[in-house]
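A.B. asks: Next comes input_23.txt, compact mmCIF, C-alpha atoms:
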# COMPACT_ATOMS: atom_id res chain seq x y z
CA MET A 12 47.51 -0.84 6.32
CA ARG A 13 43.89 -1.60 5.47
CA SER A 14 43.29 -2.56 1.85
CA MET A 15 40.96 -0.65 -0.43
CA PRO A 16 38.55 -3.59 -0.79
CA ASP A 17 37.82 -3.02 2.93
CA ALA A 18 36.61 0.47 2.04
CA ARG A 19 34.40 -1.00 -0.67
CA PHE A 20 32.76 -3.32 1.83
CA MET A 21 32.10 -0.58 4.37
CA ARG A 22 30.72 1.76 1.73
CA LEU A 23 28.37 -1.02 0.63
CA ALA A 24 27.26 -1.42 4.25
CA LEU A 25 26.50 2.32 4.33
CA ARG A 26 24.41 2.09 1.16
CA LEU A 27 22.49 -0.83 2.63
CA ALA A 28 21.88 1.07 5.87
CA ARG A 29 20.33 3.99 3.99
CA ARG A 30 17.65 1.64 2.63
CA GLY A 31 16.08 1.86 6.07
CA TYR A 32 15.66 5.65 5.80
CA GLY A 33 12.46 6.71 7.51
CA MET A 34 11.57 3.14 8.54
CA THR A 35 13.71 2.09 11.50
CA SER A 36 12.93 4.65 14.22
CA PRO A 37 13.25 4.50 17.17
CA ASN A 38 16.10 2.22 16.12
CA PRO A 39 19.10 3.42 14.10
CA MET A 40 19.76 2.69 10.44
CA VAL A 41 22.38 -0.05 10.16
CA GLY A 42 23.91 -1.96 7.26
CA ALA A 43 26.10 -5.06 7.31
CA VAL A 44 28.22 -7.04 4.85
CA LEU A 45 29.74 -10.50 5.37
CA VAL A 46 32.99 -11.22 3.56
CA LYS A 47 34.87 -14.54 3.31
CA ASP A 48 38.02 -15.18 1.30
CA GLY A 49 37.69 -11.71 -0.19
CA LYS A 50 34.16 -12.31 -1.50
CA ILE A 51 30.82 -10.97 -0.31
CA ILE A 52 28.72 -13.87 0.95
CA GLY A 53 25.91 -11.98 2.70
CA ARG A 54 24.43 -8.55 3.09
CA GLY A 55 21.65 -7.02 5.13
CA TRP A 56 20.16 -3.93 6.69
CA HIS A 57 17.76 -3.16 9.50
CA HIS A 58 14.30 -2.84 7.95
CA ARG A 59 12.14 -1.79 10.88
CA ALA A 60 12.05 -1.76 14.69
CA GLY A 61 11.10 -5.22 15.93
CA LEU A 62 12.59 -7.01 12.91
CA PRO A 63 16.08 -8.61 12.83
CA HIS A 64 19.05 -6.27 12.95
CA ALA A 65 21.42 -5.82 10.01
CA GLU A 66 23.98 -8.33 11.33
CA ILE A 67 21.35 -11.06 11.58
CA GLU A 68 19.99 -10.21 8.13
CA ALA A 69 23.49 -10.55 6.65
CA ILE A 70 24.08 -13.91 8.36
CA HIS A 71 20.70 -15.23 7.18
CA ASP A 72 21.38 -13.93 3.67
CA ALA A 73 24.68 -15.83 3.54
CA GLN A 74 23.03 -19.03 4.74
CA LYS A 75 20.19 -18.69 2.21
CA ARG A 76 22.79 -18.39 -0.53
CA GLY A 77 24.43 -21.62 0.60
CA HIS A 78 27.47 -20.03 2.28
CA ASN A 79 28.87 -21.00 5.67
CA PRO A 80 29.55 -17.71 7.50
CA LYS A 81 31.92 -19.34 9.98
CA GLY A 82 35.30 -17.62 9.79
CA ALA A 83 33.92 -14.63 7.85
CA THR A 84 34.48 -10.92 8.49
CA LEU A 85 31.51 -8.73 9.30
CA TYR A 86 31.52 -5.07 8.22
CA VAL A 87 28.80 -3.19 10.08
CA THR A 88 28.10 0.55 10.23
CA LEU A 89 27.26 0.60 13.96
CA GLU A 90 28.55 -1.32 16.97
CA PRO A 91 26.45 -4.50 17.34
CA CYS A 92 23.88 -4.44 20.12
CA SER A 93 24.86 -6.31 23.26
CA THR A 94 21.64 -6.09 25.28
CA HIS A 95 18.16 -7.57 25.06
CA GLY A 96 15.56 -5.28 23.48
CA ARG A 97 12.86 -6.13 20.96
CA THR A 98 15.33 -8.74 19.68
CA PRO A 99 18.17 -10.75 21.29
CA PRO A 100 21.71 -9.27 21.35
CA CYS A 101 23.50 -9.41 18.02
CA THR A 102 26.72 -10.27 19.87
CA ASP A 103 25.19 -13.65 20.77
CA ALA A 104 24.46 -14.44 17.11
CA ILE A 105 27.92 -13.29 15.99
CA ILE A 106 29.58 -15.59 18.52
CA ALA A 107 27.28 -18.53 17.76
CA THR A 108 27.89 -18.17 14.02
CA GLY A 109 31.65 -18.33 14.51
CA LEU A 110 32.61 -15.12 12.76
CA LYS A 111 36.33 -14.41 12.78
CA ARG A 112 36.42 -10.63 12.68
CA VAL A 113 34.09 -7.63 13.07
CA VAL A 114 34.81 -4.15 11.70
CA VAL A 115 32.60 -1.39 13.14
CA GLY A 116 31.92 1.98 11.51
CA ALA A 117 30.61 3.87 14.56
CA MET A 118 30.38 3.23 18.28
CA ASP A 119 27.09 2.80 20.12
CA PRO A 120 26.14 6.38 21.16
CA ASN A 121 24.57 5.16 24.40
CA PRO A 122 27.20 5.80 27.11
CA LYS A 123 25.89 2.78 29.03
CA HIS A 124 26.55 0.43 26.12
CA SER A 125 29.36 2.03 24.09
CA GLY A 126 32.26 -0.39 23.69
CA ARG A 127 30.46 -3.24 25.43
CA ALA A 128 30.17 -5.32 22.25
CA PHE A 129 33.94 -4.99 21.72
CA LYS A 130 34.63 -6.50 25.13
CA ILE A 131 32.12 -9.33 24.68
CA LEU A 132 33.38 -10.28 21.24
CA ARG A 133 37.04 -10.11 22.19
CA ARG A 134 36.42 -12.35 25.18
CA ALA A 135 34.94 -14.85 22.73
CA GLY A 136 38.11 -14.74 20.63
CA ILE A 137 36.68 -12.62 17.82
CA GLY A 138 38.83 -9.84 16.41
CA VAL A 139 36.98 -6.54 16.53
CA SER A 140 38.07 -3.03 15.58
CA ARG A 141 36.64 0.35 14.84
CA TRP A 142 36.93 1.41 11.23
CA GLY A 143 40.05 3.46 10.50
CA GLU A 144 41.80 2.80 13.82
CA ALA A 145 45.59 2.91 13.76
CA THR A 146 45.94 2.88 9.99
CA ASP A 147 47.97 5.14 7.75
CA GLU A 148 44.86 5.60 5.60
CA ALA A 149 43.00 7.11 8.56
CA ARG A 150 45.45 10.00 8.84
CA PRO A 151 44.44 13.20 7.06
CA GLY A 152 46.52 14.25 4.12
CA SER A 153 47.43 17.69 2.91
CA ARG A 154 44.02 18.07 1.29
CA GLY A 155 42.04 17.44 4.48
CA ARG A 156 40.06 14.42 5.59
CA SER A 157 41.18 11.03 4.32
CA PRO A 158 38.82 8.58 2.54
CA GLN A 159 38.78 6.44 5.69
CA GLN A 160 37.85 9.43 7.83
CA ASN A 161 35.06 10.21 5.39
CA ILE A 162 33.63 6.75 6.01
CA VAL A 163 33.86 7.25 9.78
CA ALA A 164 32.06 10.59 9.43
CA GLU A 165 29.35 9.07 7.22
CA CYS A 166 28.71 6.28 9.71
CA ALA A 167 28.34 8.83 12.52
CA LYS A 168 26.15 11.22 10.49
CA LEU A 169 23.90 8.39 9.34
CA ASN A 170 22.13 8.33 12.70
CA GLU A 171 22.60 11.86 14.07
CA ALA A 172 18.95 12.04 15.14
CA PHE A 173 19.08 8.68 16.93
CA ASN A 174 22.41 9.58 18.52
CA HIS A 175 20.96 12.82 19.91
CA TRP A 176 17.80 11.13 21.19
CA ILE A 177 19.59 8.23 22.86
CA VAL A 178 21.76 10.65 24.85
CA HIS A 179 19.31 13.50 25.59
CA ARG A 180 15.97 11.69 25.28
CA THR A 181 14.55 14.58 23.29
CA PRO A 182 14.05 14.68 19.51
CA PHE A 183 16.72 15.99 17.15
CA VAL A 184 15.07 19.20 15.93
CA THR A 185 15.44 20.45 12.37
CA VAL A 186 13.94 23.82 11.42
CA LYS A 187 13.04 23.90 7.74
CA ALA A 188 11.91 26.95 5.79
CA ALA A 189 11.58 27.97 2.14
CA MET A 190 12.12 31.67 1.51
CA THR A 191 13.12 34.39 -0.90
CA LEU A 192 16.66 35.75 -0.91
CA ASP A 193 15.57 38.48 1.49
CA GLY A 194 14.31 35.93 4.01
CA LYS A 195 10.56 36.17 3.38
CA ILE A 196 8.25 33.14 3.47
CA ALA A 197 5.01 34.82 2.40
CA THR A 198 3.49 38.10 1.29
CA ALA A 199 1.71 40.36 3.76
CA SER A 200 -1.55 38.68 2.74
CA GLY A 201 -0.10 35.23 3.48
CA GLU A 202 0.49 34.01 -0.09
CA SER A 203 3.36 31.50 -0.11
CA LYS A 204 2.74 28.88 -2.83
CA TRP A 205 5.13 28.30 -4.37
CA ILE A 206 8.24 30.25 -3.40
CA THR A 207 10.64 27.46 -4.36
CA GLY A 208 10.61 25.07 -7.31
CA LYS A 209 9.72 21.41 -7.64
CA ASN A 210 13.25 20.13 -6.87
CA ALA A 211 13.29 21.96 -3.55
CA ARG A 212 9.79 20.75 -2.73
CA ALA A 213 10.80 17.16 -3.49
CA HIS A 214 13.75 17.52 -1.13
CA GLY A 215 11.36 18.80 1.52
CA ILE A 216 9.15 15.73 1.11
CA ASN A 217 12.24 13.57 1.51
CA LEU A 218 13.00 15.32 4.80
CA ARG A 219 9.50 14.50 6.01
CA GLN A 220 9.94 10.87 5.04
CA GLY A 221 13.01 10.64 7.24
CA SER A 222 11.38 12.32 10.26
CA ASP A 223 9.27 10.88 13.04
CA ALA A 224 7.12 13.98 13.40
CA ILE A 225 6.41 17.33 11.78
CA LEU A 226 5.44 20.42 13.78
CA VAL A 227 3.63 23.59 12.75
CA GLY A 228 1.81 26.41 14.49
CA VAL A 229 -1.94 26.89 14.36
CA ASN A 230 -1.54 29.98 12.15
CA THR A 231 -0.09 27.76 9.43
CA VAL A 232 -3.12 25.48 9.71
CA LEU A 233 -5.55 28.43 9.58
CA ALA A 234 -3.80 30.04 6.61
CA ASP A 235 -2.94 27.02 4.45
CA ASP A 236 -4.80 23.98 5.82
CA PRO A 237 -1.82 21.74 4.95
CA SER A 238 -2.09 17.95 4.91
CA LEU A 239 1.31 17.62 6.63
CA THR A 240 1.99 14.21 5.13
CA ALA A 241 4.79 12.61 3.17
CA ARG A 242 4.07 10.71 -0.01
CA SER A 243 5.50 7.56 1.54
CA VAL A 244 2.47 7.39 3.85
CA GLU A 245 -0.08 7.27 1.02
CA SER A 246 -0.53 3.51 1.57
CA PHE A 247 -0.62 3.80 5.37
CA GLN A 248 -3.84 2.57 6.94
CA PRO A 249 -4.92 3.67 10.44
CA SER A 250 -5.62 0.03 11.37
CA THR A 251 -1.90 -0.73 11.08
CA PHE A 252 -0.89 2.01 13.50
CA ASN A 253 1.11 0.53 16.36
CA ALA A 254 4.43 0.88 18.14
CA GLU A 255 6.24 -1.03 15.41
CA HIS A 256 4.81 0.74 12.35
CA ARG A 257 4.19 4.45 12.53
CA GLY A 258 3.34 7.05 9.98
CA LEU A 259 4.54 10.63 10.21
CA ARG A 260 3.28 12.17 13.46
CA ARG A 261 1.72 15.64 13.02
CA ILE A 262 2.09 18.14 15.86
CA VAL A 263 0.16 21.43 15.91
CA LEU A 264 0.98 24.12 18.48
CA ASP A 265 -2.40 25.63 19.30
CA SER A 266 -2.51 27.20 22.76
CA LEU A 267 -6.18 28.26 22.44
CA ALA A 268 -7.46 25.21 20.50
CA ARG A 269 -8.34 27.23 17.41
CA THR A 270 -7.73 24.38 14.95
CA PRO A 271 -10.93 23.83 12.92
CA SER A 272 -12.52 20.39 13.16
CA LYS A 273 -12.64 20.34 9.34
CA ALA A 274 -8.88 20.96 8.97
CA LYS A 275 -7.15 18.23 6.96
CA ALA A 276 -4.87 17.32 9.85
CA VAL A 277 -7.96 16.68 11.98
CA SER A 278 -10.41 15.15 9.52
CA ASP A 279 -8.37 13.02 7.09
CA LYS A 280 -7.60 9.29 7.39
CA PHE A 281 -4.36 10.07 9.22
CA ALA A 282 -6.13 11.80 12.12
CA THR A 283 -4.77 9.17 14.55
CA LEU A 284 -1.31 10.57 13.81
CA THR A 285 -2.23 14.15 14.73
CA THR A 286 -1.54 15.73 18.12
CA ILE A 287 -2.87 19.18 18.99
CA VAL A 288 -0.88 20.81 21.80
CA VAL A 289 -3.04 23.24 23.73
CA GLY A 290 -2.53 25.43 26.77
CA LYS A 291 -4.28 25.18 30.13
CA HIS A 292 -6.49 28.14 29.28
CA ALA A 293 -7.83 26.72 26.02
CA PRO A 294 -11.66 26.69 25.95
CA LYS A 295 -12.82 23.30 27.19
CA ASN A 296 -15.51 22.94 24.54
CA ARG A 297 -12.96 23.39 21.75
CA VAL A 298 -10.55 20.94 23.40
CA ALA A 299 -13.33 18.36 23.75
CA ALA A 300 -14.35 18.79 20.10
CA LEU A 301 -10.79 18.22 18.89
CA ALA A 302 -10.27 15.27 21.23
CA LYS A 303 -13.04 13.39 19.40
CA HIS A 304 -10.83 13.16 16.33
CA VAL A 305 -7.18 13.59 17.35
CA ASN A 306 -4.88 13.30 20.30
CA VAL A 307 -4.83 16.42 22.48
CA ILE A 308 -2.06 17.31 24.92
CA ILE A 309 -2.54 20.03 27.52
CA ALA A 310 0.90 21.54 27.99
CA PRO A 311 2.15 23.81 30.77
CA ALA A 312 2.70 27.45 29.90
CA ASN A 313 6.16 28.58 29.01
CA LYS A 314 8.06 30.08 31.93
CA VAL A 315 10.06 33.04 30.69
CA GLY A 316 12.55 32.54 33.47
CA ARG A 317 13.40 29.09 32.17
CA ALA A 318 13.84 30.23 28.59
CA SER A 319 17.20 30.76 27.00
CA SER A 320 18.77 34.14 27.56
CA ARG A 321 19.32 34.46 23.83
CA ALA A 322 17.63 37.59 22.51
CA GLY A 323 14.13 37.14 21.24
CA SER A 324 13.46 33.73 22.79
CA ALA A 325 11.16 35.07 25.51
CA ALA A 326 8.96 36.94 23.07
CA ALA A 327 8.73 33.99 20.70
CA SER A 328 7.86 31.63 23.55
CA ARG A 329 5.21 34.00 24.93
CA CYS A 330 3.67 34.00 21.50
CA GLN A 331 3.25 30.24 21.67
CA GLN A 332 2.29 30.15 25.37
CA ILE A 333 3.51 26.55 25.46
CA ASP A 334 6.55 25.19 27.25
CA LEU A 335 8.45 23.78 24.30
CA ARG A 336 11.16 22.21 26.46
CA TRP A 337 8.45 20.26 28.26
CA LEU A 338 6.94 19.27 24.92
CA LEU A 339 10.25 18.00 23.55
CA LYS A 340 10.73 15.84 26.63
CA ARG A 341 7.22 14.50 26.21
CA LEU A 342 7.82 13.67 22.54
CA GLY A 343 11.14 12.06 23.38
CA SER A 344 9.43 9.81 25.92
CA GLU A 345 7.10 8.72 23.11
CA ASN A 346 10.10 7.57 21.02
CA ILE A 347 10.06 10.57 18.69
CA THR A 348 13.73 10.73 17.73
CA SER A 349 13.50 13.42 15.01
CA LEU A 350 11.24 16.45 14.73
CA LEU A 351 10.89 18.57 11.60
CA VAL A 352 9.68 22.10 12.39
CA GLU A 353 7.90 23.73 9.46
CA GLY A 354 6.27 26.56 11.34
CA GLY A 355 5.88 30.20 10.52
CA GLY A 356 8.29 32.89 11.65
CA GLU A 357 7.22 32.89 15.30
CA VAL A 358 7.37 29.12 15.70
CA ASN A 359 10.75 29.01 13.96
CA ALA A 360 12.00 31.74 16.28
CA SER A 361 10.74 29.84 19.32
CA PHE A 362 12.94 26.86 18.45
CA LEU A 363 15.94 28.67 16.99
CA LEU A 364 16.23 31.62 19.38
CA GLY A 365 15.13 29.46 22.29
CA GLY A 366 18.13 27.15 21.83
CA LEU A 367 15.94 24.13 21.02
CA ALA A 368 17.05 23.29 17.46
CA GLN A 369 20.03 21.27 16.30
CA ARG A 370 19.89 21.89 12.55
CA VAL A 371 18.48 24.30 9.99
CA VAL A 372 17.49 23.47 6.43
CA PHE A 373 16.79 26.65 4.49
CA PHE A 374 15.74 26.77 0.85
CA TYR A 375 16.40 30.06 -0.97
CA ALA A 376 14.57 30.99 -4.17
CA PRO A 377 16.16 33.56 -6.52
CA LYS A 378 13.40 36.05 -5.74
CA ILE A 379 13.11 39.23 -3.68
CA LEU A 380 9.77 39.88 -2.05
CA GLY A 381 10.49 42.95 0.05
CA GLY A 382 7.80 44.71 2.04
CA ARG A 383 7.66 45.75 5.68
CA ASP A 384 4.69 43.51 6.36
CA SER A 385 5.70 40.41 4.40
CA LEU A 386 6.32 37.41 6.64
CA LYS A 387 9.82 36.53 7.80
CA ALA A 388 11.27 33.02 8.04
CA VAL A 389 12.49 33.79 11.57
CA ALA A 390 10.54 36.41 13.51
CA GLY A 391 10.51 37.04 17.26
CA GLU A 392 12.23 40.10 18.68
CA GLY A 393 15.58 39.11 17.21
CA ALA A 394 19.10 39.73 18.45
CA LYS A 395 19.87 43.10 20.02
CA SER A 396 23.46 42.99 18.81
CA LEU A 397 25.65 40.93 16.50
CA THR A 398 27.21 39.19 19.49
CA GLU A 399 23.79 37.72 20.27
CA ALA A 400 23.21 36.41 16.74
CA LEU A 401 22.52 32.69 16.40
CA GLU A 402 25.62 31.07 14.93
CA LEU A 403 25.58 28.19 12.49
CA ARG A 404 28.42 25.82 11.67
CA ALA A 405 29.33 23.22 9.09
CA ALA A 406 27.14 24.91 6.49
CA GLU A 407 26.68 22.98 3.26
CA TRP A 408 25.26 24.49 0.08
CA LYS A 409 23.60 22.68 -2.78
CA GLN A 410 21.79 23.85 -5.90
CA LEU A 411 18.34 22.38 -6.52
CA GLY A 412 17.23 23.61 -9.91
CA PRO A 413 17.07 27.41 -9.65
CA ASP A 414 17.04 27.30 -5.83
CA LEU A 415 19.76 27.00 -3.21
CA LEU A 416 19.68 24.66 -0.22
CA MET A 417 21.64 25.51 2.91
CA THR A 418 22.00 22.87 5.62
CA ALA A 419 23.84 23.75 8.81
CA LYS A 420 24.14 22.78 12.46
CA VAL A 421 23.18 25.18 15.20
CA ALA A 422 26.32 26.10 17.16
CA ASN A 423 26.32 25.14 20.85
CA SER A 424 23.09 23.14 20.54
CA PRO A 425 22.69 20.13 22.86
Translate the structure of the given file into structure tokens.

C.D. replies:
Amino acid sequence: MRSMPDARFMRLALRLARRGYGMTSPNPMVGAVLVKDGKIIGRGWHHRAGLPHAEIEAIHDAQKRGHNPKGATLYVTLEPCSTHGRTPPCTDAIIATGLKRVVVGAMDPNPKHSGRAFKILRRAGIGVSRWGEATDEARPGSRGRSPQQNIVAECAKLNEAFNHWIVHRTPFVTVKAAMTLDGKIATASGESKWITGKNARAHGINLRQGSDAILVGVNTVLADDPSLTARSVESFQPSTFNAEHRGLRRIVLDSLARTPSKAKAVSDKFATLTTIVVGKHAPKNRVAALAKHVNVIIAPANKVGRASSRAGSAAASRCQQIDLRWLLKRLGSENITSLLVEGGGEVNASFLLGGLAQRVVFFYAPKILGGRDSLKAVAGEGAKSLTEALELRAAEWKQLGPDLLMTAKVANSP
């Protein structure tokens, strides 16, 4: 039976991994702890793509502190990499250092690599196991999931966006909306600031900080002229923009290139991070004007026949006139692992009713707006019957000041 100090070490590795929140993409967040004779001798986490992985950071930390890591046990939240990428395989360093044992929180989600590190390390005589395997503590008790299972779940959830992207090569899509209790995001005139309170807004900023890109529709730009930034990018300078250090990408769906050249997303110092997605029939003069300041993608039109059969998806997609499945593949090829959709009702419907979202994050304010013409959080044509309703699972509720936050996964999403 695994001892409780083991749980302490793995939980510490999880806390370390979370320090990389919003910084490691397109790599996963990973934390590592080195333990020898029951004492922690080194700790580390992956800081950013292109820099040493968590295992290497922990080994270096131990050596800097004057400890010899030979014979130590490594607790790491994700299976060590076993292939050459931006950095050499961590399995090589683990073997060269002479570690005795490796305990892994989650397997590599890449089917081509999953379990490979286990085989390599075992051939080198290093004991390696997945956290919670074959232990009494891993079995659920009468009250549900055991503490060890909770750790396994946390390690898996830590990188749900990366896990989705590495398998499907499209971003993990989260649809976020702030609304009244009756599901309205703005009055008929478009007034929406502020429906929710400061705690909910702070949580929304945190979601942006952990995302690779944020997406809105052109109507949101025309109505609100949002900056679409996260506070963590305040110090970002365009001159530092490269494959290893990215700010928050800003995506605007604008089939007819109506985005004004003076819009904040086009004219501010983060313009290099903005992409306007236009349709083939967008006026060429408008496209050319935007292309002087931001990146412009000409996307194919949505094909209704390729859209999901779920009610309402065709209407929502026609509204956008952009093939969103094509766009997601394009963004995935550009190493966008997570996409935060903050569109209006039609854009939200395009992703949700079109079967393109994996998660929803809805903030509910204790207010009732009412009104036939007030704007809905999810528009489109909607379901024709209850059997066609979009189902959510694993819903979690949290109170943020006077507001409620509901986070849930979209059932049957890829």

A.B. asks: Enter the distance from atom CA of Trp142 of chain A to atom CA of Ile162 of chain A, in Å, rounded to one decimal.

C.D. replies: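 Computing the Euclidean distance for atom CA of Trp142 of chain A and atom CA of Ile162 of chain A yields 8.2 Å.
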
A.B. asks: Between A:Ala167, A:Ala276, A:Ala360, A:Met21, which has the minimum distance to Ala43 of chain A (counting all atoms listed in the file)?

C.D. replies: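 Closest candidate: A:Met21.
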
A.B. asks: Using all atoms listed in the file, which residue out of A:Leu411, A:Leu416, A:Val289, A:Ala104 lies closest to Ala135 of chain A?

C.D. replies: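 Among the listed residues, A:Ala104 lies closest to Ala135 of chain A.
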
A.B. asks: Go ahead and compute the interatomic distance for atom CA of Ser349 of chain A and atom CA of Val184 of chain A, in Å to one decimal.

C.D. replies: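 Straight-line distance from atom CA of Ser349 of chain A to atom CA of Val184 of chain A works out to 6.1 Å.
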
A.B. asks: Between atom CA of Val389 of chain A and atom CA of Val372 of chain A, what is the spacing in Å?

C.D. replies: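 Rounded to one decimal, the two atoms are 12.6 Å apart.
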
A.B. asks: So, with all atoms listed in the file as the atoms that count, which of A:Asp48, A:Asp223, A:Asp279, A:Asp235 lies closest to Ile262 of chain A?

C.D. replies: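 Using all atoms listed in the file, the shortest distance to Ile262 of chain A belongs to A:Asp223.
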
A.B. asks: My list of candidates is A:Ala293, A:Val232, A:Ile206, A:Val44. Which is closest to Arg26 of chain A when distances are computed with all atoms listed in the file?

C.D. replies: A:Val44

A.B. asks: Find the residue from A:Asn306, A:Asn313, A:Thr240, A:Asn38 that sits nearest to Lys275 of chain A; use all atoms listed in the file when measuring.

C.D. replies: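 Residue with the minimum atom-to-atom distance to Lys275 of chain A: A:Thr240.
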
A.B. asks: Show me the residues close to (29.3, -20.8, 6.2) - anything with an atom within 12 Å, counting all atoms listed in the file - and format the list as a list of chain:residue names.

C.D. replies: A:Leu45, A:Val46, A:Lys47, A:Asp48, A:Ile51, A:Ile52, A:Gly53, A:Ala69, A:Ile70, A:His71, A:Asp72, A:Ala73, A:Gln74, A:Lys75, A:Arg76, A:Gly77, A:His78, A:Asn79, A:Pro80, A:Lys81, A:Gly82, A:Ala83, A:Thr84, A:Ala107, A:Thr108, A:Gly109, A:Leu110, A:Lys111

A.B. asks: Using the file's own x, y and z axes, so that the box edges lie along x, y and z, what centre and edge lengths in Å (one decimal) does a box around every listed atom of segment 297-305 of chain A get when 4 Å is added on each side? Give it as AutoDock Vina command-line options.

C.D. replies:
--center_x -10.8 --center_y 18.3 --center_z 20.0 --size_x 15.2 --size_y 18.2 --size_z 15.4

A.B. asks: Would you mind listing what lies within 7 Å of segment 331-341 of chain A as JSON, numbers by chain, with only C-alpha atoms counted and same-chain residues fewer than 2 positions away left out?

C.D. replies: {"A": [180, 181, 182, 266, 290, 310, 311, 312, 313, 314, 327, 328, 329, 343, 344, 345]}

A.B. asks: Smallest atom-to-atom distance to Val114 of chain A: which of A:Tyr375, A:Tyr32, A:Phe20, A:Phe183, using all atoms listed in the file?

C.D. replies: A:Phe20

A.B. asks: Show which residues sit within 6 Å of Ala376 of chain A, as an MDAnalysis selection string. Count all atoms listed in the file, and ignore same-chain residues fewer than 2 positions away.

C.D. replies: chainID A and resid 191 207 378 414

A.B. asks: Please, can segment 76-89 of chain A be completed to N, CA, C and O atoms and returned as a compact mmCIF listing (two decimals), in the frame of the given file?

C.D. replies:
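Output file rebuild_22.txt follows:
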# COMPACT_ATOMS: atom_id res chain seq x y z
N ARG A 76 22.04 -18.26 0.72
CA ARG A 76 22.79 -18.39 -0.53
C ARG A 76 23.70 -19.61 -0.53
O ARG A 76 24.47 -19.83 -1.48
N GLY A 77 23.64 -20.39 0.54
CA GLY A 77 24.43 -21.62 0.60
C GLY A 77 25.85 -21.43 1.11
O GLY A 77 26.68 -22.32 0.95
N HIS A 78 26.13 -20.30 1.75
CA HIS A 78 27.47 -20.03 2.28
C HIS A 78 27.52 -20.31 3.78
O HIS A 78 26.55 -20.06 4.51
N ASN A 79 28.64 -20.81 4.23
CA ASN A 79 28.87 -21.00 5.67
C ASN A 79 29.58 -19.76 6.20
O ASN A 79 30.74 -19.52 5.85
N PRO A 80 28.93 -18.95 7.04
CA PRO A 80 29.55 -17.71 7.50
C PRO A 80 30.65 -17.90 8.54
O PRO A 80 31.31 -16.92 8.91
N LYS A 81 30.87 -19.11 8.99
CA LYS A 81 31.92 -19.34 9.98
C LYS A 81 33.28 -18.90 9.42
O LYS A 81 33.65 -19.24 8.31
N GLY A 82 34.00 -18.11 10.21
CA GLY A 82 35.30 -17.62 9.79
C GLY A 82 35.25 -16.37 8.94
O GLY A 82 36.30 -15.86 8.52
N ALA A 83 34.05 -15.82 8.71
CA ALA A 83 33.92 -14.63 7.85
C ALA A 83 34.17 -13.35 8.64
O ALA A 83 34.21 -13.34 9.87
N THR A 84 34.34 -12.26 7.90
CA THR A 84 34.48 -10.92 8.49
C THR A 84 33.20 -10.16 8.29
O THR A 84 32.63 -10.15 7.19
N LEU A 85 32.73 -9.52 9.35
CA LEU A 85 31.51 -8.73 9.30
C LEU A 85 31.86 -7.24 9.29
O LEU A 85 32.56 -6.76 10.17
N TYR A 86 31.40 -6.53 8.28
CA TYR A 86 31.52 -5.07 8.22
C TYR A 86 30.17 -4.50 8.56
O TYR A 86 29.17 -4.77 7.87
N VAL A 87 30.08 -3.72 9.63
CA VAL A 87 28.80 -3.19 10.08
C VAL A 87 28.96 -1.71 10.44
O VAL A 87 29.98 -1.30 11.00
N THR A 88 27.97 -0.91 10.08
CA THR A 88 28.10 0.55 10.23
C THR A 88 28.00 1.02 11.67
O THR A 88 28.43 2.13 11.99
N LEU A 89 27.43 0.21 12.56
CA LEU A 89 27.26 0.60 13.96
C LEU A 89 27.61 -0.58 14.86
O LEU A 89 27.34 -1.73 14.50
